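S.K.: I'd like to ask you about the structure that follows.
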Amino acid sequence: VRIPLDPDSRVPLYRQLEGWLRDAITTGALPVDSRLPSSRALAADLGVSRVTVGTAYAELESAGLVVAAVGSGTRVAPVLPTTAVGAAPGDRRGGTWPAWQGSAETSEPAEAGPRGPDVVAFTGVGDPAAYPVAEFGRTIRQVLAREGAAALSYGPDPAGDPSLRRTVTQLLASQGIGVPPESVLITSGSQQALALVCQVLVRPGDTVLVEEPTYDLALRLLRAAGAQLVGVPVDGHGLRIDVLADLLEGHRLSDRPRPRLLYVVPNFQNPTGASLSGSRRHALLELARVHGVPVFEDDFAGDLRYSGRATPPIKSLDDGGHVLYAGTFSKLLMPGLRIGYLVVDGPVRRRLVEAKQVTDLGTSLLLQRALDRFVTVGRYQTYLRRTGRLYRERRDALRGALAEHLPDAGFALPAGGLFGWVALPAGVRSDALLRAARDRGVDVAPGSRFFLRPEDGGGHIRLNFAVQPKERIAAGVVRLAAAVDSLRVTPSGTSSRRQ
Ligand SMILES: Cc1ncc(COP(=O)(O)O)c(C=O)c1O
């Protein structure tokens, strides 16, 4: 135990020790009911007398913070006195943190939604109940048995495990992207792929073009990089190329610097579920080429298609290094792996690999090796087919439930992915609906999260249909419909407050 005691202080050692333990208990660093070391062991560790430790423990006991029982030693009290609970660690220094820490304000949405077995949460990514826990556990054990300590090293290359990169190129080839393994950079999820691109390409004040609405954490990341975000609207066929063309032309004609990046989610977009049409993909690439703007293609749900024909990725059309393509195993497998990849060619590749190296020295080699094996022995493909069937059923269940219980809400069936985008009945706003829905034990993502100006998203909510079993989807939509009904505006102009 390393407890900082100062033998030269005027404060007696037992008081110093008691003060340190008191802080540790009241802040929760020493959890309730946890066992303290014996006074003999602690005295030996700290180089103080047993009397010093015994006196500190006695003081804590009389304050009700610890209990001593013959035979089981001294433990933190199972229930702390109310006066002791909730003290912040900073209280010890007079309640203030150093000024450089600034405020705790962030762009994070204020409060997390309700959770618990009775809550139907249409939020999150895939369904954890479907994760291949046992199979993946077996794979990790096999990797450790075969490769031993080598699997626990940093690995030979910060760009990623060579074998996994080869495997990724095979998966990419099946999508129409033909690149060598050298073009693949393994990242900690596609979020890191975007973060690295920001690090290398985007400087504070640069203009970055985004679809609107778009994935909220991309907006937050780009804003954190200091980018000036300009939105391009999305319709049922994805990003509006006509608006993009006008915007880029406007930049060309003015002396404003050209945008530094275009961030686009072409398949089953988050949050709208829309997919960019084939002709728009060609047009987008042509605009990127003519105007010299790199495209970040975020293919976050890749193969999770339930209907319709696959459209080739923009990257598959690009032979000139205009597109940075990001894929991830988060949605197709498990987000906790934190493994994604960036496909990039040309001189910028080295700068991105360097950014990756100085950021985290590489993604966990053990997990890369395990993932590689999981894919190469075919377990991944089996799992993908299974979840594809499961999520398609759930998508259809959501469509059915909405048609039955919220017939005046707008819903365009997404061809794949995880999200459905619901246009709310007239007069119902998403932030008020979020509160009413949460009160009824159902959680949704309000549309406001996905727009540059939150008020523009007031007419929509995003529902993740992949996380809940079919029966719960129906139950959740019934509750949601009740929440919507409570907010409907009656002909007299007042809210109906129907329950
Ligand atoms: C559109 C989109 N891109 C990227 C990500 C980040 O995923 P990850 O970093 O887990 O690959 C998400 C996560 O939800 C997403 O929805």
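Residues in the structure tokens are named by chain (A, B, ... in the order shown) and by number from 1 within that chain; ligands are numbered from 1 in the order shown.
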Any residue with an atom at most 9 Å from ligand 1 counts, using only C-alpha atoms and all ligand atoms. Which are they? Put them as a ChimeraX atom specification.
M.R.: /A:124-125,187-194,214-218,264-265,268-271,298-301,326-331,334-341,418
S.K.: Could you pull the residues within 9 Å of Gly176 in chain A, counting only C-alpha atoms, minus those fewer than 6 positions along the same chain, as a list in words?
M.R.: Pro312, Pro313, Lys315, Ser316 and Leu317 of chain A
S.K.: Generate a file of the selected residues that holds C-alpha atoms, formatted as a compact mmCIF listing (two decimals), in the first residue's frame.
M.R.:
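Written output follows (result30.txt):
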# COMPACT_ATOMS: atom_id res chain seq x y z
CA PRO A 312 -20.36 -0.66 -54.73
CA PRO A 313 -18.52 1.47 -52.17
CA LYS A 315 -13.78 3.58 -52.70
CA SER A 316 -14.27 0.80 -55.26
CA LEU A 317 -14.69 3.48 -57.95
S.K.: Would you please extract all strand (DSSP E) residues from range 212-342 of chain A, as assigned by DSSP on the backbone, and give them as a list in words?
M.R.: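 Those residues are Glu212, Gln228, Leu229, Val230, Gly231, Val232, Pro233, Val234, Asp235, Gly238, Leu239, Leu261, Leu262, Tyr263, Val264, Val295, Phe296, Glu297, Asp298, Val323, Leu324, Tyr325, Ala326, Gly327, Thr328, Gly340, Tyr341 and Leu342 of chain A.
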S.K.: Name the residues of range 279-434 of chain A that fall into alpha helix (DSSP H) according to DSSP on the backbone, using the chain letters and numbers of this document, as a ChimeraX atom specification.
M.R.: /A:279-291,314-317,348-360,365-376,379-405,430-434
S.K.: Give me, as a PyMOL selection string, all polymer residues having an atom no more than 10 Å from Leu209 in chain A, counting only C-alpha atoms and skipping those fewer than 2 positions away in the same chain.
M.R.: chain A and resi 206-207+211-212+227-232+244+247-248+259-264+293+295
S.K.: Of the candidates A:Arg379, A:Arg389, A:Arg369, A:His291, which one gets nearest to Tyr154 in chain A if we count only C-alpha atoms?
M.R.: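 Between A:Arg379, A:Arg389, A:Arg369, A:His291, the residue approaching Tyr154 in chain A most closely is A:Arg369.
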S.K.: To one decimal place in Å, what is the distance between CA of Arg449 in chain A and CA of Glu105 in chain A?
M.R.: 16.9 Å
S.K.: Which of these, A:Ser486, A:Ser72, A:Thr139, A:Thr359, has the shortest distance to Gly378 in chain A once you count only C-alpha atoms?
M.R.: A:Thr139
S.K.: Tell me which protein, DNA and RNA residues are within 12 Å of range 446-448 of chain A, counting only C-alpha atoms, leaving out same-chain ones fewer than 5 positions away, and put them as number ranges by chain.
M.R.: A: 109, 113, 122-123, 212-216, 270-272, 420-424, 428-438, 453-464
S.K.: Of the candidates A:Leu80, A:Leu406, A:Thr376, A:Ala44, which shows the shortest atom-to-atom distance to Leu30 in chain A, using only C-alpha atoms?
M.R.: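 Once distances to Leu30 in chain A are computed over only C-alpha atoms, the minimum belongs to A:Leu80.
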S.K.: Excluding same-chain residues fewer than 4 positions from Ala159 in chain A, what lies within 6 Å of it counting only C-alpha atoms, as a list in words?
M.R.: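 The residues satisfying every condition are Leu185, Ile186 and Val353 of chain A.
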S.K.: Range 39-41 of chain A: which residues within 6 Å, counting only C-alpha atoms, same-chain residues fewer than 2 positions away excluded, as a PyMOL selection string?
M.R.: chain A and resi 43-44+50+53
S.K.: Could you turn the residues from that selection into a file that holds C-alpha atoms, as a compact mmCIF listing (two decimals), in the first residue's frame?
M.R.:
# COMPACT_ATOMS: atom_id res chain seq x y z
CA ALA A 43 2.52 -0.72 9.90
CA ALA A 44 5.26 -2.84 8.31
CA ARG A 50 1.42 -0.61 15.05
CA VAL A 53 -2.14 2.33 12.61
S.K.: With a distance cut-off of 12 Å and only C-alpha atoms, select the neighbouring residues of Asp6 in chain A, excluding the residue or stretch itself and same-chain residues fewer than 2 positions from it, and output the selection as a ChimeraX atom specification.
M.R.: /A:3-4,8-17,20,46-48
S.K.: Output all heavy atoms of each residue in that selection to a file, as a tab-separated table (two decimals), in the first residue's frame.
M.R.:
chain	number	residue	atom	x	y	z
A	3	ILE	N	0.74	4.84	0.88
A	3	ILE	CA	0.00	5.97	1.45
A	3	ILE	C	1.04	7.05	1.76
A	3	ILE	O	2.03	6.78	2.47
A	3	ILE	CB	-0.76	5.53	2.73
A	3	ILE	CG1	-1.78	4.46	2.36
A	3	ILE	CG2	-1.44	6.73	3.38
A	3	ILE	CD1	-2.56	3.90	3.53
A	4	PRO	N	0.86	8.24	1.20
A	4	PRO	CA	1.90	9.25	1.38
A	4	PRO	C	1.85	9.83	2.80
A	4	PRO	O	0.94	10.60	3.12
A	4	PRO	CB	1.55	10.31	0.33
A	4	PRO	CG	0.09	10.14	0.07
A	4	PRO	CD	-0.26	8.73	0.40
A	8	ASP	N	8.02	14.54	8.52
A	8	ASP	CA	8.47	15.86	8.98
A	8	ASP	C	7.31	16.81	9.25
A	8	ASP	O	7.51	17.94	9.68
A	8	ASP	CB	9.38	16.50	7.92
A	8	ASP	CG	10.61	15.65	7.68
A	8	ASP	OD1	11.04	15.00	8.66
A	8	ASP	OD2	11.10	15.59	6.54
A	9	SER	N	6.09	16.35	8.96
A	9	SER	CA	4.94	17.25	9.15
A	9	SER	C	4.63	17.43	10.63
A	9	SER	O	4.95	16.56	11.46
A	9	SER	CB	3.72	16.63	8.43
A	9	SER	OG	2.55	17.22	8.90
A	10	ARG	N	3.98	18.59	10.94
A	10	ARG	CA	3.57	18.79	12.34
A	10	ARG	C	2.32	17.96	12.66
A	10	ARG	O	1.99	17.76	13.81
A	10	ARG	CB	3.30	20.27	12.59
A	10	ARG	CG	4.58	21.12	12.60
A	10	ARG	CD	4.52	22.15	13.71
A	10	ARG	NE	3.41	23.09	13.49
A	10	ARG	CZ	3.49	24.21	12.78
A	10	ARG	NH1	4.66	24.54	12.24
A	10	ARG	NH2	2.46	24.99	12.61
A	11	VAL	N	1.63	17.50	11.58
A	11	VAL	CA	0.43	16.67	11.79
A	11	VAL	C	0.89	15.27	12.17
A	11	VAL	O	1.70	14.67	11.46
A	11	VAL	CB	-0.42	16.62	10.49
A	11	VAL	CG1	-1.67	15.76	10.69
A	11	VAL	CG2	-0.78	18.00	10.02
A	12	PRO	N	0.39	14.74	13.31
A	12	PRO	CA	0.86	13.42	13.73
A	12	PRO	C	0.59	12.36	12.66
A	12	PRO	O	-0.38	12.47	11.91
A	12	PRO	CB	0.05	13.12	14.99
A	12	PRO	CG	-0.62	14.39	15.39
A	12	PRO	CD	-0.59	15.33	14.22
A	13	LEU	N	1.45	11.34	12.62
A	13	LEU	CA	1.32	10.31	11.58
A	13	LEU	C	-0.04	9.62	11.62
A	13	LEU	O	-0.64	9.33	10.58
A	13	LEU	CB	2.43	9.26	11.76
A	13	LEU	CG	3.82	9.72	11.34
A	13	LEU	CD1	4.86	8.65	11.72
A	13	LEU	CD2	3.88	9.99	9.84
A	14	TYR	N	-0.56	9.33	12.83
A	14	TYR	CA	-1.84	8.62	12.88
A	14	TYR	C	-2.95	9.47	12.27
A	14	TYR	O	-3.85	8.98	11.62
A	14	TYR	CB	-2.19	8.18	14.32
A	14	TYR	CG	-2.85	9.25	15.17
A	14	TYR	CD1	-4.25	9.40	15.17
A	14	TYR	CD2	-2.09	10.12	15.95
A	14	TYR	CE1	-4.85	10.39	15.94
A	14	TYR	CE2	-2.68	11.10	16.71
A	14	TYR	CZ	-4.07	11.23	16.69
A	14	TYR	OH	-4.67	12.21	17.43
A	15	ARG	N	-2.84	10.83	12.43
A	15	ARG	CA	-3.85	11.73	11.84
A	15	ARG	C	-3.74	11.75	10.31
A	15	ARG	O	-4.72	11.77	9.60
A	15	ARG	CB	-3.65	13.17	12.33
A	15	ARG	CG	-4.31	13.47	13.62
A	15	ARG	CD	-5.63	14.25	13.41
A	15	ARG	NE	-6.35	14.34	14.66
A	15	ARG	CZ	-7.41	13.59	14.98
A	15	ARG	NH1	-7.91	12.73	14.12
A	15	ARG	NH2	-7.99	13.70	16.15
A	16	GLN	N	-2.50	11.78	9.85
A	16	GLN	CA	-2.29	11.75	8.39
A	16	GLN	C	-2.90	10.48	7.79
A	16	GLN	O	-3.61	10.51	6.79
A	16	GLN	CB	-0.80	11.79	8.05
A	16	GLN	CG	-0.10	13.08	8.41
A	16	GLN	CD	1.36	13.03	7.95
A	16	GLN	OE1	1.67	12.57	6.86
A	16	GLN	NE2	2.26	13.53	8.80
A	17	LEU	N	-2.63	9.36	8.49
A	17	LEU	CA	-3.14	8.08	7.99
A	17	LEU	C	-4.66	8.05	8.05
A	17	LEU	O	-5.34	7.65	7.08
A	17	LEU	CB	-2.54	6.95	8.83
A	17	LEU	CG	-2.98	5.53	8.47
A	17	LEU	CD1	-2.66	5.22	7.01
A	17	LEU	CD2	-2.28	4.51	9.38
A	20	TRP	N	-6.13	10.19	5.27
A	20	TRP	CA	-6.02	9.57	3.94
A	20	TRP	C	-7.08	8.49	3.77
A	20	TRP	O	-7.78	8.41	2.77
A	20	TRP	CB	-4.62	8.99	3.76
A	20	TRP	CG	-4.35	8.58	2.34
A	20	TRP	CD1	-3.78	9.34	1.36
A	20	TRP	CD2	-4.69	7.33	1.72
A	20	TRP	NE1	-3.74	8.65	0.18
A	20	TRP	CE2	-4.29	7.40	0.37
A	20	TRP	CE3	-5.29	6.16	2.18
A	20	TRP	CZ2	-4.47	6.34	-0.52
A	20	TRP	CZ3	-5.47	5.11	1.29
A	20	TRP	CH2	-5.06	5.20	-0.05
A	46	LEU	N	4.25	0.65	5.84
A	46	LEU	CA	4.45	2.10	5.88
A	46	LEU	C	5.66	2.48	6.72
A	46	LEU	O	6.04	3.65	6.77
A	46	LEU	CB	3.20	2.79	6.45
A	46	LEU	CG	1.90	2.61	5.65
A	46	LEU	CD1	0.72	3.22	6.40
A	46	LEU	CD2	2.03	3.26	4.27
A	47	GLY	N	6.24	1.52	7.43
A	47	GLY	CA	7.39	1.82	8.28
A	47	GLY	C	6.99	2.68	9.48
A	47	GLY	O	7.73	3.57	9.88
A	48	VAL	N	5.79	2.44	10.03
A	48	VAL	CA	5.35	3.16	11.24
A	48	VAL	C	5.02	2.13	12.30
A	48	VAL	O	5.02	0.92	12.03
A	48	VAL	CB	4.10	4.04	10.94
A	48	VAL	CG1	4.41	5.10	9.89
A	48	VAL	CG2	2.91	3.19	10.51
S.K.: Closest to Asp127 in chain A among A:Pro257, A:Pro469, A:Gly417, A:Gly441, using only C-alpha atoms?
M.R.: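 The answer is A:Pro469, which sits nearest to Asp127 in chain A.
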S.K.: When you draw a straight line from CA of Phe419 in chain A to CA of Gly400 in chain A, how long is it in Å?
M.R.: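 Between these atoms lies a distance of 15.0 Å.
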S.K.: Separation of CA of Val348 in chain A and CA of Gly178 in chain A, in Å?
M.R.: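 Those two atoms sit 18.7 Å apart.
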S.K.: So which one's closest to Gly476 in chain A, A:Val210, A:Val444, A:Asp318, A:Leu333? Using only C-alpha atoms, please.
M.R.: A:Val444
S.K.: Using only C-alpha atoms, which residue out of A:Thr311, A:Glu393, A:Val375, A:Val67 lies closest to Thr167 in chain A?
M.R.: A:Val375
